[in-house]
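Just below is one structure, and these are the notes that go with it.
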Amino acid sequence: QVRLVESGGGLVQAGGSLRLSCAASGSTFSGDVWGWYRQAPGKQREMVATVTSGGTIDYAESAEGRFTISRHNGKNTMVLEMNSLKPEDTAVYYCRVRRKYIPKYDYWGQGTQVTVSS
């Protein structure tokens, strides 16, 4: 079992920056995908950015050019650097770790609130 804990959310003005961190306790395996997702009130949860154990990165169009995802395999941590924040970035941000090959797993963190004021 893996437990994910996010930190770094908060309130920031539009144009500001925040740094989110995700730390995993427990064993993970190579070949998994780490990612950040977010859910705004009244909206579906959506992918923000993902990174594979091999370093392949994917960003949502809304995050491209403003957010940077990174992971540290040896430390089981992941960071999302968010710059030029907009009010529409306001959401609960979740860390996710999943592996579709045996051993399969799909873990979520409890979420951290990001609020961007205009």
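Just so we're on the same page: first chain in the structure tokens is A, next is B, and so on; residues restart at 1 for each chain, and ligands are numbered from 1 in the order they show up.
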
Selection: 8 Å around A:Ala23, only C-alpha atoms, excl. self and same-chain fewer than 4 positions, as a PyMOL selection string: chain A and resi 4-6+76-78

Quick one: DSSP strand (DSSP E or B) residues in stretch 29-115 of chain A, as a PyMOL selection string? chain A and resi 33-39+46-52+57-59+67-72+77-82+91-99+105-108+112-115

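Among the candidates A:Gly15, A:Gly65, A:Pro41, A:Pro87, the residue lying nearest to A:Ser117 is A:Pro87 (atoms considered: only C-alpha atoms).
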
Work out how far atom CA of A:Gly74 is from atom CA of A:Ser17, in Å to one decimal.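 So the two atoms, atom CA of A:Ser17 and atom CA of A:Gly74, lie 26.3 Å apart.
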
To one decimal place in Å, what is the distance between atom CA of A:Phe67 and atom CA of A:Tyr101?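 Distance reported for this atom pair: 28.2 Å.
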
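Among A:Ile102, A:Ala40, A:Ala14, A:Val97, the residue with the shortest atom-to-atom distance to A:Ser84, counting only C-alpha atoms, is A:Ala14.
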
Just the residues within 6 Å of A:Trp34, please, counting only C-alpha atoms, with nothing from its chain fewer than 3 positions along; format it as a ChimeraX atom specification. /A:50-51,96-97

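Nearest residue to A:Glu64, choosing from A:Asn83, A:Ser118, A:Gln44, A:Ser30 and counting only C-alpha atoms: A:Asn83.
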
Rank nothing, just name the residue among A:Ser25, A:Asn73, A:Gln1, A:Thr68 nearest to A:Gly54, using only C-alpha atoms.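 The answer is A:Asn73, which sits nearest to A:Gly54.
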
May I ask which of the residues A:Arg71, A:Arg45, A:Lys86, A:Arg3 is the closest one to A:Leu20, counting only C-alpha atoms? A:Arg71

Can you pull out the residues contacting A:Gly8? Cut-off 9 Å, using only C-alpha atoms, and skip same-chain residues under 2 positions away; I want them as a PyMOL selection string. chain A and resi 6+10+18-22+112-114

Output for the residues just chosen: N, CA, C and O atoms as a CSV table (one decimal), in the first residue's frame:
```
chain,number,residue,atom,x,y,z
A,6,GLU,N,0.1,15.4,-0.4
A,6,GLU,CA,0.4,16.6,-1.1
A,6,GLU,C,0.6,17.7,-0.1
A,6,GLU,O,0.1,17.7,1.0
A,10,GLY,N,-2.3,26.8,-1.5
A,10,GLY,CA,-2.6,28.0,-0.8
A,10,GLY,C,-3.3,29.0,-1.6
A,10,GLY,O,-3.8,28.7,-2.7
A,18,LEU,N,3.2,29.0,-7.3
A,18,LEU,CA,3.1,28.1,-6.2
A,18,LEU,C,3.8,26.8,-6.6
A,18,LEU,O,4.0,26.5,-7.8
A,19,ARG,N,4.3,26.1,-5.6
A,19,ARG,CA,5.0,24.9,-5.8
A,19,ARG,C,4.3,23.8,-5.0
A,19,ARG,O,4.3,23.9,-3.7
A,20,LEU,N,3.8,22.8,-5.7
A,20,LEU,CA,3.2,21.7,-5.0
A,20,LEU,C,4.1,20.5,-4.9
A,20,LEU,O,4.9,20.3,-5.9
A,21,SER,N,4.1,19.8,-3.8
A,21,SER,CA,4.9,18.6,-3.7
A,21,SER,C,4.0,17.4,-3.3
A,21,SER,O,3.0,17.5,-2.7
A,22,CYS,N,4.5,16.2,-3.8
A,22,CYS,CA,3.8,15.0,-3.5
A,22,CYS,C,4.9,14.0,-3.0
A,22,CYS,O,5.9,13.8,-3.7
A,112,THR,N,-4.8,19.0,-2.3
A,112,THR,CA,-4.5,20.3,-1.7
A,112,THR,C,-5.1,21.5,-2.5
A,112,THR,O,-5.1,21.4,-3.7
A,113,GLN,N,-5.7,22.4,-1.7
A,113,GLN,CA,-6.4,23.5,-2.3
A,113,GLN,C,-5.5,24.6,-2.9
A,113,GLN,O,-4.6,25.0,-2.2
A,114,VAL,N,-5.7,24.9,-4.1
A,114,VAL,CA,-5.0,26.1,-4.7
A,114,VAL,C,-6.1,27.1,-5.1
A,114,VAL,O,-7.1,26.8,-5.8
```

Restricting the calculation to only C-alpha atoms, which member of A:Pro103, A:Asp89, A:Cys95, A:Gln39 is positioned closest to A:Leu11?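 Among A:Pro103, A:Asp89, A:Cys95, A:Gln39, it is A:Asp89 that comes nearest to A:Leu11.
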
Can you list, as a compact mmCIF listing (two decimals) with N, CA and C atoms, in the first residue's frame, all residues belonging to chain A that DSSP tags as helix (DSSP H, G or I)?
```txt
# COMPACT_ATOMS: atom_id res chain seq x y z
N ASN A 73 12.78 9.78 -8.54
CA ASN A 73 12.45 8.37 -8.32
C ASN A 73 13.04 7.83 -7.02
N GLY A 74 14.27 8.18 -6.74
CA GLY A 74 14.93 7.63 -5.56
C GLY A 74 14.29 8.08 -4.27
N LYS A 75 13.68 9.28 -4.29
CA LYS A 75 13.06 9.82 -3.09
C LYS A 75 11.54 9.64 -3.10
N PRO A 87 -6.96 32.84 -12.26
CA PRO A 87 -8.09 32.44 -11.41
C PRO A 87 -8.70 31.10 -11.83
N GLU A 88 -8.66 30.79 -13.10
CA GLU A 88 -9.21 29.51 -13.56
C GLU A 88 -8.37 28.32 -13.16
N ASP A 89 -7.21 28.54 -12.58
CA ASP A 89 -6.40 27.45 -12.04
C ASP A 89 -6.87 27.04 -10.64
```
